[in-house]
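For reference, data.csv (CSV, C-alpha atoms and all ligand atoms):
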chain,number,residue,atom,x,y,z
O,250,MET,CA,-10.1,23.4,28.6
O,251,MET,CA,-7.8,24.2,25.5
O,252,LYS,CA,-6.7,21.0,23.7
O,253,TYR,CA,-3.5,21.2,21.7
O,254,SER,CA,-3.1,18.8,18.7
O,255,GLU,CA,0.0,17.7,16.9
O,256,PRO,CA,0.6,15.3,14.0
O,257,ALA,CA,3.0,12.4,14.3
O,258,PRO,CA,3.9,11.9,10.6
O,259,ALA,CA,4.9,8.4,9.4
O,260,LYS,CA,8.6,8.2,8.6
O,261,LEU,CA,10.1,6.5,5.5
O,262,ASN,CA,13.7,5.6,4.9
O,263,LEU,CA,14.0,6.3,1.1
O,264,ALA,CA,17.4,4.6,1.4
O,265,LEU,CA,19.2,3.0,4.4
O,266,HIS,CA,22.8,2.0,4.2
O,267,VAL,CA,24.3,0.2,7.2
O,268,ARG,CA,28.0,1.0,7.2
O,269,GLY,CA,29.3,-0.8,10.3
O,270,LYS,CA,29.1,-0.6,14.1
O,271,LEU,CA,29.5,2.3,16.4
O,272,PRO,CA,31.5,2.1,19.7
O,273,ASP,CA,28.3,1.9,21.7
O,274,GLY,CA,27.2,-1.2,19.8
O,275,ARG,CA,24.6,0.5,17.7
O,276,HIS,CA,25.0,0.5,13.9
O,277,SER,CA,26.5,3.3,11.8
O,278,LEU,CA,23.9,4.4,9.2
O,279,GLU,CA,23.5,6.6,6.2
O,280,THR,CA,19.9,7.2,5.5
O,281,ILE,CA,17.5,9.5,3.7
O,282,PHE,CA,14.5,10.2,5.9
O,283,ALA,CA,11.2,11.4,4.3
O,284,PHE,CA,7.9,11.9,6.0
O,285,CYS,CA,4.3,11.4,5.0
O,286,ILE,CA,1.4,13.8,5.4
O,287,ASP,CA,-0.4,11.1,7.4
O,288,GLY,CA,0.4,9.3,10.6
O,289,ASP,CA,-0.6,9.2,14.3
O,290,ARG,CA,-2.0,12.2,16.2
O,291,LEU,CA,-1.3,13.3,19.7
O,292,GLU,CA,-3.5,15.8,21.7
O,293,ALA,CA,-2.8,17.3,25.1
O,294,GLU,CA,-4.4,19.5,27.7
O,295,LYS,CA,-2.9,20.8,30.9
O,296,ALA,CA,-3.3,18.6,34.0
O,297,ASP,CA,-1.7,18.2,37.4
O,298,GLU,CA,-0.2,14.7,36.5
O,299,LEU,CA,1.1,13.1,33.4
O,300,ASN,CA,-1.2,10.5,31.9
O,301,LEU,CA,-1.8,8.9,28.6
O,302,SER,CA,-4.8,7.3,26.9
O,303,ILE,CA,-4.7,5.6,23.5
O,304,SER,CA,-7.4,5.0,20.9
O,305,GLY,CA,-7.4,4.1,17.2
O,306,PRO,CA,-7.0,1.0,15.1
O,307,PHE,CA,-3.5,0.0,16.5
O,308,ALA,CA,-4.2,1.0,20.2
O,309,GLU,CA,-4.5,-2.6,21.3
O,310,GLY,CA,-1.4,-4.0,23.0
O,311,LEU,CA,0.2,-0.7,23.6
O,312,SER,CA,0.9,0.2,27.2
O,313,THR,CA,-0.4,3.5,28.6
O,314,THR,CA,2.2,3.5,31.3
O,315,ASP,CA,5.3,2.2,29.5
O,316,ASN,CA,5.2,4.3,26.3
O,317,LEU,CA,7.6,6.3,24.3
O,318,VAL,CA,5.2,9.3,24.6
O,319,LEU,CA,5.6,9.3,28.4
O,320,ASP,CA,9.4,8.7,28.1
O,321,ALA,CA,9.5,11.9,26.0
O,322,ALA,CA,7.3,13.9,28.4
O,323,LYS,CA,9.4,12.8,31.4
O,324,ALA,CA,12.7,13.6,29.7
O,325,LEU,CA,11.5,17.0,28.7
O,326,LYS,CA,10.1,17.8,32.1
O,327,GLN,CA,13.4,16.9,33.7
O,328,ALA,CA,15.6,18.8,31.2
O,329,ALA,CA,13.5,22.0,31.5
O,330,GLY,CA,13.1,21.6,35.2
O,331,VAL,CA,9.4,22.2,35.1
O,332,ASP,CA,6.8,20.7,37.5
O,333,ALA,CA,4.1,20.3,35.0
O,334,GLY,CA,1.6,17.7,34.0
O,335,ALA,CA,-0.6,16.9,30.9
O,336,SER,CA,-3.3,14.6,29.8
O,337,LEU,CA,-2.2,13.1,26.6
O,338,TYR,CA,-4.4,11.4,24.0
O,339,LEU,CA,-2.8,9.3,21.3
O,340,THR,CA,-4.7,8.2,18.2
O,341,LYS,CA,-2.7,5.2,17.0
O,342,LYS,CA,-3.2,4.8,13.2
O,343,LEU,CA,0.2,3.4,12.3
O,344,PRO,CA,1.0,-0.3,12.9
O,345,VAL,CA,3.4,-0.9,15.8
O,346,ALA,CA,7.0,-2.1,15.2
O,347,SER,CA,6.7,-1.6,11.4
O,348,GLY,CA,9.7,0.5,10.3
O,349,ILE,CA,7.8,3.7,9.8
O,350,GLY,CA,8.7,5.5,13.0
O,351,GLY,CA,5.6,4.7,15.0
O,352,GLY,CA,6.7,5.2,18.6
O,353,SER,CA,9.5,7.6,17.5
O,354,ALA,CA,7.0,9.8,15.7
O,355,ASP,CA,4.7,9.8,18.7
O,356,ALA,CA,7.6,10.7,21.1
O,357,ALA,CA,8.7,13.5,18.8
O,358,ALA,CA,5.1,14.8,18.6
O,359,ALA,CA,5.0,14.8,22.4
O,360,LEU,CA,8.2,16.9,22.5
O,361,ARG,CA,6.8,19.5,20.1
O,362,LEU,CA,3.4,19.5,21.8
O,363,LEU,CA,4.6,19.8,25.4
O,364,THR,CA,7.2,22.4,24.5
O,365,GLY,CA,4.3,24.6,23.5
O,366,LEU,CA,1.9,23.5,26.3
O,367,TRP,CA,4.5,24.1,29.0
O,368,GLY,CA,6.0,27.2,27.4
O,369,ILE,CA,9.6,25.9,27.6
O,370,ASP,CA,12.7,26.5,25.5
O,371,PRO,CA,12.6,24.2,22.4
O,372,ARG,CA,16.3,23.5,22.7
O,373,HIS,CA,15.3,21.0,25.5
O,374,ALA,CA,13.4,19.0,23.0
O,375,VAL,CA,16.4,18.9,20.7
O,376,ASP,CA,18.7,17.9,23.6
O,377,VAL,CA,16.6,15.0,24.9
O,378,ALA,CA,15.5,13.5,21.6
O,379,PRO,CA,18.5,11.2,20.8
O,380,ALA,CA,18.3,9.3,24.1
O,381,ILE,CA,14.6,8.5,23.5
O,382,GLY,CA,15.4,6.7,20.3
O,383,SER,CA,17.8,7.1,17.3
O,384,ASP,CA,14.9,8.0,15.0
O,385,VAL,CA,13.4,10.6,17.4
O,386,PRO,CA,15.6,13.6,16.2
O,387,ALA,CA,14.6,13.0,12.6
O,388,CYS,CA,10.9,12.7,13.7
O,389,LEU,CA,11.2,15.9,15.7
O,390,LEU,CA,12.1,17.7,12.4
O,391,SER,CA,9.7,15.6,10.3
O,392,LEU,CA,11.3,17.1,7.2
O,393,SER,CA,13.4,15.3,4.6
O,394,ALA,CA,16.9,14.8,6.0
O,395,LYS,CA,20.1,12.8,5.7
O,396,GLY,CA,20.9,10.9,8.9
O,397,THR,CA,24.4,9.6,9.7
O,398,GLU,CA,26.0,8.0,12.8
O,399,ALA,CA,23.2,6.2,14.6
O,400,GLY,CA,20.7,8.0,12.3
O,401,ASP,CA,20.6,10.9,14.7
O,402,LYS,CA,23.1,13.3,13.1
O,403,LEU,CA,21.0,15.2,10.6
O,404,GLU,CA,21.3,17.4,7.6
O,405,LEU,CA,18.3,18.8,5.8
O,406,VAL,CA,17.9,17.5,2.2
O,407,GLN,CA,17.0,19.9,-0.5
O,408,ASP,CA,15.2,17.7,-3.1
O,409,PRO,CA,12.2,19.3,-4.7
O,410,SER,CA,11.2,15.9,-6.2
O,411,ILE,CA,10.3,14.5,-2.8
O,412,SER,CA,7.5,16.7,-1.5
O,413,GLY,CA,4.1,16.0,-2.9
O,414,THR,CA,5.0,12.6,-4.3
O,415,PRO,CA,2.1,10.1,-4.1
O,416,ALA,CA,3.1,7.1,-1.9
O,417,LEU,CA,1.5,3.8,-1.0
O,418,LEU,CA,2.7,2.1,2.3
O,419,VAL,CA,1.9,-1.6,2.7
O,420,ASN,CA,2.5,-3.8,5.7
O,421,PRO,CA,1.8,-7.5,5.9
O,422,LEU,CA,0.8,-7.1,9.5
O,423,VAL,CA,3.9,-8.9,10.8
O,424,PRO,CA,5.5,-6.9,13.6
O,425,LEU,CA,9.3,-6.8,13.4
O,426,SER,CA,11.6,-5.8,16.3
O,427,THR,CA,14.2,-3.2,15.2
O,428,GLY,CA,16.8,-4.8,17.4
O,429,ALA,CA,16.2,-8.3,16.0
O,430,VAL,CA,16.6,-7.0,12.4
O,431,PHE,CA,19.8,-5.2,13.1
O,432,ALA,CA,21.1,-8.3,14.9
O,433,ALA,CA,20.3,-10.4,11.7
O,434,TRP,CA,22.3,-7.9,9.4
O,435,ASP,CA,25.1,-9.8,7.7
O,436,GLY,CA,27.8,-7.3,8.8
O,437,ILE,CA,28.9,-6.5,5.2
O,438,ASP,CA,29.4,-2.8,4.4
O,439,ARG,CA,28.1,-2.4,0.8
O,440,GLY,CA,29.2,1.2,0.4
O,441,PRO,CA,28.1,4.8,0.9
O,442,LEU,CA,24.8,6.5,0.0
O,443,GLY,CA,24.8,8.8,-2.9
O,444,ASP,CA,21.6,9.5,-4.8
O,445,TRP,CA,18.8,7.8,-2.7
O,446,ARG,CA,17.1,6.5,-5.9
O,447,ARG,CA,20.1,4.3,-6.6
O,448,GLY,CA,20.6,3.4,-3.0
O,449,ARG,CA,19.4,0.3,-1.0
O,450,ASN,CA,17.9,-0.7,2.2
O,451,ASP,CA,20.6,-2.9,3.8
O,452,LEU,CA,18.2,-4.2,6.4
O,453,GLU,CA,15.9,-5.8,3.7
O,454,ALA,CA,17.7,-9.1,3.5
O,455,ALA,CA,17.8,-9.5,7.3
O,456,ALA,CA,14.1,-8.5,7.6
O,457,LEU,CA,13.2,-11.0,4.9
O,458,THR,CA,14.7,-13.9,6.8
O,459,LEU,CA,12.5,-12.9,9.8
O,460,ALA,CA,9.3,-12.0,7.9
O,461,PRO,CA,9.2,-13.7,4.4
O,462,ASP,CA,5.9,-12.0,3.7
O,463,ILE,CA,7.9,-8.8,3.0
O,464,GLY,CA,8.9,-10.5,-0.3
O,465,HIS,CA,5.2,-10.9,-1.3
O,466,VAL,CA,4.6,-7.2,-0.5
O,467,LEU,CA,7.6,-6.1,-2.6
O,468,ASP,CA,6.5,-8.4,-5.5
O,469,TRP,CA,2.9,-7.1,-5.3
O,470,LEU,CA,4.0,-3.4,-5.3
O,471,GLY,CA,6.3,-4.2,-8.3
O,472,THR,CA,3.3,-5.3,-10.4
O,473,GLN,CA,1.4,-2.0,-9.8
O,474,PRO,CA,1.2,0.4,-12.8
O,475,GLY,CA,2.9,3.7,-12.1
O,476,ALA,CA,4.9,2.4,-9.1
O,477,GLY,CA,8.3,3.9,-10.1
O,478,PHE,CA,10.2,3.4,-6.9
O,479,ILE,CA,9.7,0.5,-4.4
O,480,ARG,CA,11.6,-0.2,-1.2
O,481,MET,CA,11.2,-1.5,2.4
O,482,SER,CA,11.3,1.2,5.1
O,483,GLY,CA,13.6,1.1,8.1
O,484,SER,CA,13.8,-2.4,9.7
O,485,GLY,CA,10.5,-3.4,8.0
O,486,ALA,CA,8.1,-4.9,7.5
O,487,THR,CA,6.4,-1.8,5.9
O,488,CYS,CA,7.3,-1.4,2.2
O,489,PHE,CA,6.3,1.5,0.0
O,490,ALA,CA,6.0,2.6,-3.6
O,491,LEU,CA,6.3,6.1,-4.9
O,492,PHE,CA,3.9,6.7,-7.8
O,493,ASP,CA,3.9,8.9,-10.9
O,494,SER,CA,0.3,9.9,-10.2
O,495,GLU,CA,-2.3,10.0,-7.5
O,496,ALA,CA,-4.7,8.1,-9.7
O,497,GLU,CA,-2.3,5.2,-10.2
O,498,ARG,CA,-1.6,5.1,-6.4
O,499,ASP,CA,-5.3,5.0,-5.7
O,500,ALA,CA,-5.9,2.3,-8.3
O,501,ALA,CA,-3.1,0.2,-6.6
O,502,ALA,CA,-4.5,0.9,-3.1
O,503,ALA,CA,-8.0,-0.3,-4.2
O,504,THR,CA,-6.6,-3.7,-5.1
O,505,CYS,CA,-4.4,-4.1,-2.0
O,506,PRO,CA,-5.0,-7.5,-0.4
O,507,SER,CA,-7.4,-7.1,2.6
O,508,ASN,CA,-5.1,-9.0,5.0
O,509,TRP,CA,-2.4,-6.3,4.6
O,510,TRP,CA,-2.5,-2.8,6.1
O,511,HIS,CA,-2.1,0.0,3.6
O,512,LEU,CA,-1.9,3.8,3.6
O,513,ALA,CA,-2.4,6.0,0.5
O,514,THR,CA,-0.6,9.3,1.3
O,515,PHE,CA,1.8,11.9,0.0
O,516,LEU,CA,5.4,12.7,1.0
O,517,ARG,CA,5.5,16.0,2.8
O,601,LIG,C1,15.9,1.2,11.6
O,601,LIG,C2,15.4,2.6,11.8
O,601,LIG,C3,15.8,3.4,10.5
O,601,LIG,O1,15.3,4.7,10.6
O,601,LIG,O2,14.0,2.7,11.9
O,601,LIG,P1,12.8,1.7,12.4
O,601,LIG,O3,12.8,0.5,11.6
O,601,LIG,O4,12.9,1.5,13.8
O,601,LIG,O5,11.6,2.5,12.0
O,601,LIG,C4,16.1,3.3,13.0
O,601,LIG,O6,17.5,3.3,12.9
O,601,LIG,C5,15.8,2.7,14.4
O,601,LIG,O7,15.6,3.8,15.2
O,601,LIG,P2,14.7,3.6,16.6
O,601,LIG,O8,13.5,2.8,16.3
O,601,LIG,O9,14.6,4.9,17.2
O,601,LIG,O10,15.7,2.6,17.4
O,601,LIG,P3,16.1,2.6,18.9
O,601,LIG,O11,14.9,2.6,19.8
O,601,LIG,O12,17.2,3.7,19.1
O,601,LIG,O13,16.8,1.2,18.9
O,601,LIG,C6,16.1,0.0,18.8
O,601,LIG,C7,17.1,-1.1,18.5
O,601,LIG,O14,17.8,-1.0,17.3
O,601,LIG,C8,19.2,-0.9,17.4
O,601,LIG,N1,19.8,0.1,16.6
O,601,LIG,C9,19.1,1.3,16.4
O,601,LIG,C10,19.7,2.3,15.7
O,601,LIG,C11,21.0,2.1,15.2
O,601,LIG,N2,21.6,3.0,14.5
O,601,LIG,N3,21.7,0.9,15.4
O,601,LIG,C12,21.1,-0.1,16.1
O,601,LIG,O15,21.7,-1.2,16.3
O,601,LIG,C13,19.4,-0.6,18.9
O,601,LIG,O16,20.6,-1.2,19.3
O,601,LIG,C14,18.2,-1.2,19.6
O,601,LIG,O17,18.4,-2.6,19.9
O,602,LIG,N1,3.6,5.2,21.1
O,602,LIG,C1,4.2,4.0,20.7
O,602,LIG,N2,3.9,3.6,19.5
O,602,LIG,C2,4.4,2.5,19.0
O,602,LIG,N3,5.3,1.7,19.7
O,602,LIG,C3,5.6,2.1,20.9
O,602,LIG,C4,5.1,3.3,21.5
O,602,LIG,N4,5.5,3.4,22.7
O,602,LIG,C5,6.3,2.3,22.9
O,602,LIG,N5,6.4,1.5,21.9
O,602,LIG,C6,7.1,0.3,21.8
O,602,LIG,O1,8.2,0.5,20.8
O,602,LIG,C7,8.3,-0.6,19.9
O,602,LIG,C8,8.2,-0.1,18.5
O,602,LIG,O2,9.4,0.4,18.2
O,602,LIG,P1,10.2,0.1,16.8
O,602,LIG,O3,10.3,-1.3,16.6
O,602,LIG,O4,11.3,1.0,16.8
O,602,LIG,O5,9.0,0.6,15.8
O,602,LIG,P2,9.2,1.1,14.3
O,602,LIG,O6,10.0,0.0,13.6
O,602,LIG,O7,7.8,1.2,13.8
O,602,LIG,O8,10.0,2.4,14.4
O,602,LIG,C9,7.1,-1.6,20.2
O,602,LIG,O9,7.6,-2.8,20.6
O,602,LIG,C10,6.3,-0.9,21.2
O,602,LIG,O10,5.9,-1.7,22.3
Take the structure in this file and express it as C-alpha cells.
Amino acid sequence: MMKYSEPAPAKLNLALHVRGKLPDGRHSLETIFAFCIDGDRLEAEKADELNLSISGPFAEGLSTTDNLVLDAAKALKQAAGVDAGASLYLTKKLPVASGIGGGSADAAAALRLLTGLWGIDPRHAVDVAPAIGSDVPACLLSLSAKGTEAGDKLELVQDPSISGTPALLVNPLVPLSTGAVFAAWDGIDRGPLGDWRRGRNDLEAAALTLAPDIGHVLDWLGTQPGAGFIRMSGSGATCFALFDSEAERDAAAATCPSNWWHLATFLR
C-alpha cells in the first residue's frame, strides 16, 4: 500500500516578546518563527480506523492514544465531514516539551499529510489548526513568519538572511511545561518586537528559574567560535546558536557535552 511521508520541522522562536494577557487567559505574543530543515517525520497509509505508532529516540513516554497527532486527525475528519481512517507512523527525533514545536510540528504534519491522503480541501487544516495548539498554525506553514495575538495570527517574513543559516540546537534534557513557564513569567511588558536580532526571549528568565541548566547551555554556546546569535527557543529548555559557517557549527557540535541533546541543522 502507498505510504505518504511528511516532515515535521523543528520550530525556533528567533525572538519572543510577551506583551500581556489575552481575554482568554493566554498570553499576547510577538514572535518570529523560523524552521529547521530537520525534525520529526510522520508517515501514513490508508486504513479503516485511525491509529498511531511511535518510534525513534524520543518515542518513550509518549502516548499512542492521547497524542496531538490524533487530535489533529480527529479535528480534520470532523471539519471535513469524512469517514476515513489512517495508520500513522511517527518517528520522534525531537525531545518532548522542549520549546521547538515537537507536538505542534507533528500535529501540523498530520494536517498536511491527511489533507492529501483523504483528498480534502486544505482550508479545513487551516481552520482546525489554532484549536489544537497556538503554535500549530505556524507549524502548518513551516515558513519564517511573524506571530501575534496567541502566536497564531501570522504574517510571512521576507528575510533572505534566515534561510540556509547553519544552526546548532542544544537541550539539557530537562523537559519544561509550556504552561508552567508562562505561569512563571513576571508580567512585565518590555516592549514591542522590531528587528529579531535585537529582540529577546521574554520567557527565558521564567524558564531559567525552573531549569537552571539553561544557563549552562547558553554560556556554553557563547564560548563557541562563530556562534553569532544565541537564544532560548519558545518556553525552553532548547537553546540555539546561529553560526557564520557550517564548519564552525560542526566544530561546536563535536564538542557538545554528551549528557545534552544537540542537533546540527540549517534554517529553512
Ligand atoms: C511558547 C511557544 C512559543 O512559540 O512555544 P513552545 O515553547 O510551546 O514550543 C508557544 O506559544 C506555545 O504554543 P503551544 O505549545 O502550541 O501551546 P498550547 O498548547 O496552545 O498551550 C500550552 C500552554 O501555554 C499557555 N499559552 C500558550 C500560548 C500563549 N500565547 N499563551 C499561553 O499562556 C496555554 O495557556 C497553555 O497552558
Ligand atoms: N506528538 C507529540 N510530540 C510531543 N509531545 C506531544 C505529542 N503529543 C502530545 N504531546 C504532549 O505535549 C506536550 C509537549 O508540548 P509542549 O510543552 O507545547 O512542547 P514544546 O515546548 O516542545 O512545544 C508533552 O507534555 C506531551 O505529552
Practice prompt. Determine, counting all atoms listed in the file, which protein, DNA and RNA residues have an atom within 8 Å of an atom of Ser426 of chain O; residues of the same chain fewer than 3 positions away are not included. Present the result as a PyMOL selection string.
Written response: chain O and resi 346+429-430+484
Practice prompt. Extract, using all atoms listed in the file, all DNA, RNA and protein residues at most 9 Å from segment 457-460 of chain O, discarding same-chain residues fewer than 2 positions from it, and format them as a count of residues only.
Written response: 16
Write as a short mmCIF file (atom, residue, chain, number, x, y, z; two decimals) with C-alpha atoms, in the coordinates of the input the residues around ligand LIG 602 (chain O), taking 9 Å as the cut-off and counting all atoms listed in the file.
data_model
loop_
_atom_site.label_atom_id
_atom_site.label_comp_id
_atom_site.auth_asym_id
_atom_site.auth_seq_id
_atom_site.Cartn_x
_atom_site.Cartn_y
_atom_site.Cartn_z
CA ALA O 259 4.90 8.40 9.40
CA LYS O 260 8.60 8.20 8.60
CA ASP O 289 -0.60 9.20 14.30
CA ILE O 303 -4.70 5.60 23.50
CA PHE O 307 -3.50 0.00 16.50
CA ALA O 308 -4.20 1.00 20.20
CA GLY O 310 -1.40 -4.00 23.00
CA LEU O 311 0.20 -0.70 23.60
CA SER O 312 0.90 0.20 27.20
CA THR O 313 -0.40 3.50 28.60
CA ASP O 315 5.30 2.20 29.50
CA ASN O 316 5.20 4.30 26.30
CA LEU O 317 7.60 6.30 24.30
CA VAL O 318 5.20 9.30 24.60
CA LEU O 319 5.60 9.30 28.40
CA ASP O 320 9.40 8.70 28.10
CA LEU O 339 -2.80 9.30 21.30
CA LYS O 341 -2.70 5.20 17.00
CA LEU O 343 0.20 3.40 12.30
CA PRO O 344 1.00 -0.30 12.90
CA VAL O 345 3.40 -0.90 15.80
CA ALA O 346 7.00 -2.10 15.20
CA SER O 347 6.70 -1.60 11.40
CA GLY O 348 9.70 0.50 10.30
CA ILE O 349 7.80 3.70 9.80
CA GLY O 350 8.70 5.50 13.00
CA GLY O 351 5.60 4.70 15.00
CA GLY O 352 6.70 5.20 18.60
CA SER O 353 9.50 7.60 17.50
CA ALA O 354 7.00 9.80 15.70
CA ASP O 355 4.70 9.80 18.70
CA ALA O 356 7.60 10.70 21.10
CA GLY O 382 15.40 6.70 20.30
CA SER O 383 17.80 7.10 17.30
CA ASP O 384 14.90 8.00 15.00
CA PRO O 424 5.50 -6.90 13.60
CA LEU O 425 9.30 -6.80 13.40
CA SER O 426 11.60 -5.80 16.30
CA THR O 427 14.20 -3.20 15.20
CA GLY O 428 16.80 -4.80 17.40
CA SER O 482 11.30 1.20 5.10
CA GLY O 483 13.60 1.10 8.10
CA SER O 484 13.80 -2.40 9.70
CA GLY O 485 10.50 -3.40 8.00
CA ALA O 486 8.10 -4.90 7.50
CA THR O 487 6.40 -1.80 5.90
#
Discussion item. List the spatial neighbours of segment 387-391 of chain O as an MDAnalysis selection string - criterion: any atom at most 9 Å away, only C-alpha atoms, same-chain residues fewer than 5 positions off excluded.
Written reply: chainID O and resid 257:260 282:285 350 353:358 360:361 374:375 378 396 400:403 517
Extract, using only C-alpha atoms, all DNA, RNA and protein residues at most 9 Å from segment 471-475 of chain O, discarding same-chain residues fewer than 4 positions from it, and format them as a CSV table (one decimal) with C-alpha atoms, in the frame of the given file.
chain,number,residue,atom,x,y,z
O,466,VAL,CA,4.6,-7.2,-0.5
O,467,LEU,CA,7.6,-6.1,-2.6
O,479,ILE,CA,9.7,0.5,-4.4
O,490,ALA,CA,6.0,2.6,-3.6
O,491,LEU,CA,6.3,6.1,-4.9
O,492,PHE,CA,3.9,6.7,-7.8
O,493,ASP,CA,3.9,8.9,-10.9
O,494,SER,CA,0.3,9.9,-10.2
O,497,GLU,CA,-2.3,5.2,-10.2
O,498,ARG,CA,-1.6,5.1,-6.4
O,500,ALA,CA,-5.9,2.3,-8.3
O,501,ALA,CA,-3.1,0.2,-6.6
Worksheet item: Using only C-alpha atoms and all ligand atoms, which residue out of O:Leu325, O:Ala456, O:Ala416, O:Val385 lies closest to ligand LIG 601 (chain O)?
Response: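 Residue with the minimum atom-to-atom distance to ligand LIG 601 (chain O): O:Val385.
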Fill in: Asp499 of chain O environment, 10 Å, all atoms listed in the file, sequence neighbours closer than 5 positions dropped, as a PyMOL selection string
chain O and resi 415-417+492+494+504-505+512-514
Worksheet, complete the sentence: One decimal place gives the atom CA of Gly274 of chain O-atom CA of Arg447 of chain O separation as 27.9 Å
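Of the residues listed (O:Gly334, O:Pro272, O:Gly448, O:Pro379), O:Gly334 shows the shortest atom-to-atom separation from Thr364 of chain O; distances use all atoms listed in the file.
Here atom O14 of ligand LIG 601 (chain O) and atom CA of Arg439 of chain O stand 19.5 Å from one another.
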Worksheet entry | Nearest-residue call for Leu263 of chain O, choices O:Val419, O:Cys488, O:Ile281, O:Ala503, using only C-alpha atoms | O:Ile281
Practice prompt. Using atom CA of Tyr338 of chain O and atom CA of Tyr253 of chain O as the two end points, give the distance in Å to one decimal.
Written response: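 Atom CA of Tyr253 of chain O lies at a distance of 10.1 Å from atom CA of Tyr338 of chain O.
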